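Have a look at coords-v8.cif; it's mmCIF, C-alpha atoms:
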data_entry
loop_
_atom_site.label_atom_id
_atom_site.label_comp_id
_atom_site.auth_asym_id
_atom_site.auth_seq_id
_atom_site.Cartn_x
_atom_site.Cartn_y
_atom_site.Cartn_z
CA MET A 1 36.31 -62.19 -20.06
CA LEU A 2 34.08 -64.93 -18.63
CA ARG A 3 36.83 -65.89 -16.17
CA THR A 4 36.97 -62.40 -14.70
CA ALA A 5 34.83 -61.13 -11.83
CA TYR A 6 32.05 -58.64 -12.64
CA GLU A 7 29.00 -57.29 -10.90
CA ASN A 8 26.02 -59.61 -11.34
CA GLN A 9 24.15 -57.86 -14.17
CA LEU A 10 27.22 -57.36 -16.35
CA GLY A 11 28.30 -60.95 -15.74
CA ARG A 12 24.92 -62.23 -16.90
CA GLN A 13 25.09 -60.09 -20.03
CA LEU A 14 28.53 -61.54 -20.85
CA PHE A 15 27.31 -65.11 -20.40
CA ARG A 16 24.29 -64.31 -22.57
CA ALA A 17 26.43 -62.84 -25.36
CA ALA A 18 28.87 -65.76 -25.27
CA GLY A 19 25.94 -68.19 -25.28
CA SER A 20 24.41 -66.56 -28.33
CA LEU A 21 27.68 -66.77 -30.28
CA THR A 22 28.19 -70.38 -29.21
CA ALA A 23 24.64 -71.27 -30.27
CA PHE A 24 25.28 -69.67 -33.66
CA ALA A 25 28.43 -71.80 -34.05
CA GLY A 26 26.28 -74.84 -33.26
CA ILE A 27 23.72 -73.85 -35.88
CA CYS A 28 26.46 -73.52 -38.50
CA ALA A 29 27.86 -76.95 -37.57
CA TYR A 30 24.36 -78.46 -37.70
CA ASP A 31 23.76 -76.99 -41.15
CA ALA A 32 27.15 -78.31 -42.34
CA ASP A 33 26.32 -81.86 -41.15
CA GLN A 34 28.90 -81.74 -38.36
CA GLN A 35 26.45 -83.07 -35.80
CA MET A 36 28.94 -83.99 -33.06
CA ALA A 37 30.34 -80.46 -33.11
CA ALA A 38 26.83 -79.02 -33.17
CA THR A 39 25.80 -81.08 -30.13
CA ALA A 40 28.86 -79.90 -28.21
CA ARG A 41 28.23 -76.23 -29.04
CA PHE A 42 24.53 -76.49 -28.15
CA ALA A 43 25.38 -78.08 -24.81
CA GLU A 44 27.87 -75.30 -24.06
CA ALA A 45 25.35 -72.63 -25.05
CA LEU A 46 22.69 -74.21 -22.81
CA GLY A 47 25.13 -74.06 -19.89
CA LEU A 48 25.84 -70.40 -20.65
CA ALA A 49 22.10 -69.66 -20.83
CA ARG A 50 21.68 -71.11 -17.35
CA ALA A 51 24.69 -69.16 -16.07
CA ALA A 52 23.09 -66.01 -17.48
CA ALA A 53 19.81 -66.91 -15.72
CA ASP A 54 18.02 -66.14 -19.00
CA LEU A 55 14.91 -68.32 -19.24
CA GLN A 56 14.06 -67.11 -22.76
CA PHE A 57 17.48 -68.06 -24.10
CA GLU A 58 17.40 -71.37 -22.22
CA GLY A 59 14.06 -72.19 -23.85
CA TYR A 60 15.50 -71.26 -27.24
CA MET A 61 18.40 -73.66 -26.70
CA HIS A 62 15.95 -76.47 -26.02
CA ALA A 63 14.21 -75.60 -29.30
CA LEU A 64 17.55 -75.87 -31.14
CA LEU A 65 18.30 -79.21 -29.49
CA ALA A 66 14.80 -80.45 -30.34
CA ASN A 67 15.24 -79.39 -33.96
CA GLN A 68 18.54 -81.26 -34.20
CA ALA A 69 16.98 -84.34 -32.56
CA MET A 70 14.20 -84.20 -35.17
CA HIS A 71 16.80 -84.23 -37.94
CA LEU A 72 18.53 -87.21 -36.32
CA GLY A 73 15.23 -89.08 -35.92
CA GLU A 74 15.43 -89.06 -32.12
CA LEU A 75 11.75 -88.36 -31.56
CA ASP A 76 11.75 -89.12 -27.83
CA GLN A 77 14.47 -86.50 -27.42
CA VAL A 78 12.38 -84.00 -29.38
CA LEU A 79 9.55 -84.47 -26.89
CA ASP A 80 11.92 -84.31 -23.91
CA HIS A 81 13.19 -80.93 -25.07
CA THR A 82 9.78 -79.52 -26.03
CA GLU A 83 7.12 -80.90 -23.73
CA THR A 84 9.31 -80.78 -20.60
CA VAL A 85 10.23 -77.14 -21.21
CA LEU A 86 6.64 -76.20 -22.03
CA ASP A 87 5.44 -77.87 -18.83
CA THR A 88 8.05 -76.18 -16.61
CA LEU A 89 8.68 -72.81 -18.27
CA GLY A 90 5.87 -72.34 -20.78
CA ALA A 91 4.05 -69.49 -19.05
CA GLN A 92 7.29 -67.54 -18.66
CA LEU A 93 8.43 -67.85 -22.27
CA ASN A 94 7.97 -65.58 -25.27
CA PRO A 95 4.91 -66.83 -27.25
CA ALA A 96 6.99 -66.94 -30.44
CA LEU A 97 9.23 -69.44 -28.71
CA THR A 98 6.41 -71.53 -27.24
CA CYS A 99 4.78 -71.53 -30.67
CA ASP A 100 7.95 -73.05 -32.12
CA LEU A 101 8.23 -75.59 -29.29
CA HIS A 102 4.62 -76.68 -29.78
CA SER A 103 5.18 -76.97 -33.54
CA LEU A 104 8.25 -79.16 -33.01
CA ALA A 105 6.34 -81.38 -30.59
CA ALA A 106 3.46 -81.65 -33.08
CA LYS A 107 5.81 -82.72 -35.87
CA ALA A 108 7.36 -85.38 -33.61
CA HIS A 109 3.92 -86.73 -32.67
CA ALA A 110 2.92 -86.73 -36.35
CA ARG A 111 5.94 -88.88 -37.20
CA MET A 112 5.05 -91.20 -34.31
CA GLY A 113 1.42 -91.38 -35.48
CA THR A 114 -0.01 -90.02 -32.22
CA SER A 115 -2.69 -87.90 -33.82
CA ARG A 116 -4.44 -86.61 -30.70
CA ALA A 117 -1.25 -85.26 -29.12
CA CYS A 118 -0.22 -83.78 -32.48
CA HIS A 119 -3.47 -81.83 -32.80
CA HIS A 120 -3.18 -80.63 -29.19
CA HIS A 121 0.21 -79.06 -29.94
CA LEU A 122 -0.93 -77.65 -33.30
CA GLU A 123 -3.84 -75.86 -31.62
CA ALA A 124 -1.53 -74.51 -28.91
CA ALA A 125 0.94 -73.30 -31.56
CA GLU A 126 -1.79 -71.37 -33.38
CA THR A 127 -2.94 -69.80 -30.12
CA ASP A 128 0.59 -68.73 -29.20
CA ALA A 129 1.18 -67.32 -32.68
CA GLU A 130 -1.59 -64.79 -31.97
CA ARG A 131 -0.79 -64.14 -28.30
CA ALA A 132 0.44 -60.68 -27.25
CA TRP A 133 3.64 -60.43 -25.21
CA ASP A 134 5.04 -57.60 -23.14
CA GLY A 135 7.88 -59.56 -21.52
CA PRO A 136 11.58 -59.73 -22.41
CA ARG A 137 12.50 -59.85 -26.10
CA LEU A 138 14.30 -62.79 -27.64
CA PRO A 139 16.12 -61.61 -30.79
CA GLU A 140 16.88 -65.20 -31.79
CA THR A 141 13.18 -65.84 -32.54
CA SER A 142 13.17 -63.42 -35.47
CA TYR A 143 12.83 -66.54 -37.64
CA MET A 144 9.19 -66.81 -36.49
CA THR A 145 7.83 -64.87 -39.46
CA PRO A 146 4.19 -64.84 -40.63
CA GLY A 147 3.23 -68.15 -42.19
CA LEU A 148 5.86 -70.30 -40.48
CA VAL A 149 3.38 -71.88 -38.07
CA GLN A 150 1.15 -72.65 -41.07
CA LEU A 151 4.07 -74.40 -42.77
CA GLN A 152 4.79 -76.47 -39.67
CA THR A 153 1.10 -77.33 -39.36
CA ALA A 154 0.93 -78.37 -43.01
CA GLU A 155 3.96 -80.62 -42.52
CA ALA A 156 2.42 -82.34 -39.49
CA LEU A 157 -1.00 -82.80 -41.12
CA ARG A 158 0.59 -84.23 -44.27
CA ARG A 159 2.39 -86.79 -42.11
CA LEU A 160 -0.95 -87.72 -40.55
CA GLY A 161 -2.50 -88.15 -44.01
CA ASP A 162 -4.87 -85.18 -43.75
CA THR A 163 -3.84 -83.69 -47.07
CA SER A 164 -6.89 -81.43 -47.54
CA ALA A 165 -6.24 -79.56 -44.29
CA ALA A 166 -2.51 -79.60 -45.00
CA ARG A 167 -3.17 -77.93 -48.39
CA ALA A 168 -5.08 -75.06 -46.77
CA TYR A 169 -2.21 -74.34 -44.39
CA ALA A 170 0.41 -74.78 -47.11
CA ASP A 171 -1.46 -72.26 -49.30
CA GLU A 172 -1.16 -69.69 -46.52
CA ALA A 173 2.51 -70.52 -45.96
CA VAL A 174 3.42 -69.74 -49.57
CA ARG A 175 1.12 -66.71 -49.70
CA THR A 176 3.18 -65.11 -46.93
CA ALA A 177 6.51 -66.49 -48.18
CA PRO A 178 7.72 -63.10 -49.54
CA GLU A 179 7.67 -61.80 -45.95
CA THR A 180 10.48 -64.14 -44.91
CA HIS A 181 14.12 -64.59 -45.96
CA LEU A 182 15.14 -66.51 -49.07
CA ARG A 183 16.13 -69.67 -47.19
CA GLY A 184 12.72 -69.72 -45.51
CA GLN A 185 11.08 -69.37 -48.91
CA VAL A 186 12.89 -72.50 -50.10
CA HIS A 187 11.46 -74.45 -47.17
CA ARG A 188 7.95 -73.13 -47.77
CA TRP A 189 7.87 -74.01 -51.46
CA ALA A 190 9.36 -77.41 -50.69
CA GLY A 191 6.63 -78.06 -48.12
CA TYR A 192 4.03 -76.92 -50.63
CA ALA A 193 5.42 -79.26 -53.30
CA LEU A 194 5.27 -82.19 -50.87
CA VAL A 195 1.63 -81.48 -49.96
CA LEU A 196 0.63 -81.13 -53.62
CA THR A 197 2.36 -84.40 -54.47
CA ALA A 198 0.54 -86.14 -51.63
CA GLN A 199 -2.74 -84.82 -53.08
CA GLY A 200 -1.89 -86.10 -56.56
CA GLU A 201 -1.59 -82.59 -58.01
CA ILE A 202 1.62 -83.53 -59.79
CA GLU A 203 1.90 -80.73 -62.35
CA GLU A 204 1.31 -78.11 -59.67
CA ALA A 205 3.82 -79.89 -57.44
CA ALA A 206 6.45 -79.74 -60.18
CA ASP A 207 5.79 -76.01 -60.61
CA ALA A 208 6.18 -75.49 -56.86
CA ALA A 209 9.42 -77.49 -56.92
CA THR A 210 10.71 -75.26 -59.72
CA THR A 211 9.98 -72.17 -57.60
CA MET A 212 11.82 -73.87 -54.72
CA LEU A 213 14.83 -74.47 -56.96
CA ASP A 214 14.80 -70.86 -58.18
CA ARG A 215 15.13 -69.64 -54.60
CA ALA A 216 17.76 -72.22 -53.66
CA VAL A 217 20.26 -71.18 -56.35
CA GLY A 218 23.68 -70.52 -54.86
CA MET A 219 22.87 -71.87 -51.39
CA GLU A 220 25.17 -74.47 -49.84
CA SER A 221 23.44 -76.11 -46.90
CA GLY A 222 23.10 -79.63 -45.62
CA ARG A 223 19.58 -78.99 -44.46
CA LEU A 224 18.46 -77.44 -47.75
CA HIS A 225 20.10 -80.34 -49.57
CA ASP A 226 17.93 -82.67 -47.46
CA ARG A 227 14.87 -80.58 -48.25
CA LEU A 228 15.44 -80.61 -52.00
CA THR A 229 16.16 -84.35 -51.88
CA SER A 230 12.84 -85.03 -50.13
CA VAL A 231 10.96 -83.23 -52.90
CA VAL A 232 12.91 -85.06 -55.61
CA SER A 233 12.12 -88.40 -53.95
CA ALA A 234 8.41 -87.55 -53.78
CA LEU A 235 8.27 -86.56 -57.45
CA ARG A 236 10.46 -89.33 -58.88
CA PRO A 237 7.60 -91.87 -59.26
CA TYR A 238 6.01 -89.42 -61.73
CA SER A 239 9.13 -88.87 -63.83
CA ALA A 240 7.35 -90.09 -66.98
CA GLU A 241 5.50 -86.77 -67.07
CA SER A 242 7.52 -84.21 -69.03
CA VAL A 243 7.06 -81.33 -66.57
CA VAL A 244 8.27 -83.56 -63.73
CA ALA A 245 11.17 -84.92 -65.76
CA SER A 246 12.52 -81.43 -66.49
CA THR A 247 12.16 -80.41 -62.84
CA LEU A 248 13.98 -83.53 -61.66
CA GLU A 249 16.76 -82.99 -64.18
CA ARG A 250 17.33 -79.46 -62.92
CA ALA A 251 17.15 -80.59 -59.28
CA GLU A 252 19.79 -83.25 -59.83
CA VAL A 253 22.14 -80.60 -61.19
CA GLN A 254 21.66 -78.34 -58.17
CA LEU A 255 22.03 -81.23 -55.75
CA ALA A 256 25.24 -82.42 -57.41
CA GLU A 257 26.81 -78.97 -57.77
CA PRO A 258 26.11 -76.67 -54.77
CA GLY A 259 25.78 -73.13 -55.97
CA ALA A 260 24.67 -74.17 -59.47
#

Go through the file and emit its structure as structure tokens.
Amino acid sequence: MLRTAYENQLGRQLFRAAGSLTAFAGICAYDADQQMAATARFAEALGLARAAADLQFEGYMHALLANQAMHLGELDQVLDHTETVLDTLGAQLNPALTCDLHSLAAKAHARMGTSRACHHHLEAAETDAERAWDGPRLPETSYMTPGLVQLQTAEALRRLGDTSAARAYADEAVRTAPETHLRGQVHRWAGYALVLTAQGEIEEAADAATTMLDRAVGMESGRLHDRLTSVVSALRPYSAESVVASTLERAEVQLAEPGA
């Protein structure tokens, strides 16, 4: 269909639809640890977004590419995809999308240890999370549910060593966790467990990890496997404590047998 001639509006809609499906294929490849395939699909989807002249979808594709770069540890690429897009398209983008882009940039700066830039993006993300929008919708940003920006903020602040502030944001992220999908709940309880461990609240961290494991039952996902592994690694130094030992034992089973 894309090779056929159409009037301009219909042609753009076709490119947009094809781009959305291609992006979804990239997300699936990314989650299955097929990163070369994911990169190829994301690049194709970005080209389709530009052909569709859809700035919202183009910005979303940069968010996906930034997220993948974060996973691969390519922090400069994260900032290229986030800060460049925010500088050039920010005012024209859905605030849910700019909120996500700012959060990704903040997490990259936190990993790099550039505290001032991290806080700048965190403040911008909070502002955008509350900003009204009467422009074009972007269905793909339905993942921006209440509490997600608080989770991202908690993650960044934990990286910077500000565990007290991170705890306040993590508390809010888990308070609103029931308002998101089950996969999102796994991420929130994992983030909470990591913050509690960093604060030395080990028994509470083990309880949070157990809640994370409850919600992860039956899910096969490379990214969730990474998330569970990060919590296990954080708790392992405290394995002499019985509550931690039982949590780690259960986690090892779920990590070894997807769907257990």

Identify all residues satisfying the PyMOL selection byres ((chain A and resi 61) around 9) in the given file; provide them as a list in words.
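On this input, the PyMOL selection byres ((chain A and resi 61) around 9) captures Ala23, Phe42, Ala43, Ala45, Leu46, Ala49, Gln56, Phe57, Glu58, Gly59, Tyr60, His62, Ala63, Leu64, Leu65 and Ala66 of chain A.
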
Pairwise distance for CA of Leu72 in chain A and CA of Thr211 in chain A, rounded to one decimal in Å
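Calculated distance between CA of Leu72 in chain A and CA of Thr211 in chain A is 27.4 Å.
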
Closest of A:Leu75, A:Arg175, A:Leu86, A:Val195 to Thr114 in chain A - atom-to-atom distances counting all atoms listed in the file
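The shortest atom-to-atom distance to Thr114 in chain A comes from A:Leu75.
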
Restricting the calculation to only C-alpha atoms: of A:Gly19, A:Gly90, A:Gly113, A:Gly73, which residue gets closest to Gly161 in chain A?
A:Gly113

Which residues match the PyMOL selection byres ((chain A and resi 191) around 10) in the file above, as a PyMOL selection string?
chain A and resi 151-152+154-155+158+166-167+170+173-174+185-190+192-197+205+208-209+212+227-228+230-231

Evaluate the PyMOL selection byres ((chain A and resi 219-224) around 10) against this structure - the residues, as a PyMOL selection string, please.
chain A and resi 28-34+71+182-184+186-187+190+215-218+225-230+254-255+257-260

Point out the residue among A:Leu138, A:Met144, A:Ala198, A:Val253 with the least atom-to-atom distance to Thr163 in chain A, counting all atoms listed in the file.
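The answer is A:Ala198, which sits nearest to Thr163 in chain A.
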
List the neighbours of Pro237 in chain A out to 12 Å using all atoms listed in the file; skip same-chain residues closer than 2 positions along the sequence, and give me the result as a PyMOL selection string.
chain A and resi 197-198+200+202+231-235+239-241+244-245+248

For the atom pair CA of Ala52 in chain A and CA of Gln92 in chain A, what is the interatomic distance in Å to one decimal place?
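Those two atoms sit 15.9 Å apart.
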
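Atom to atom, CA of Glu7 in chain A and CA of Asn94 in chain A stand 26.8 Å apart.
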
Do you know which residues are at most 12 Å from Pro95 in chain A counting only C-alpha atoms, after dropping those on the same chain fewer than 5 positions away, and could you put them as a ChimeraX atom specification?
/A:56,59-60,86,89-90,100-103,124-138,141,144
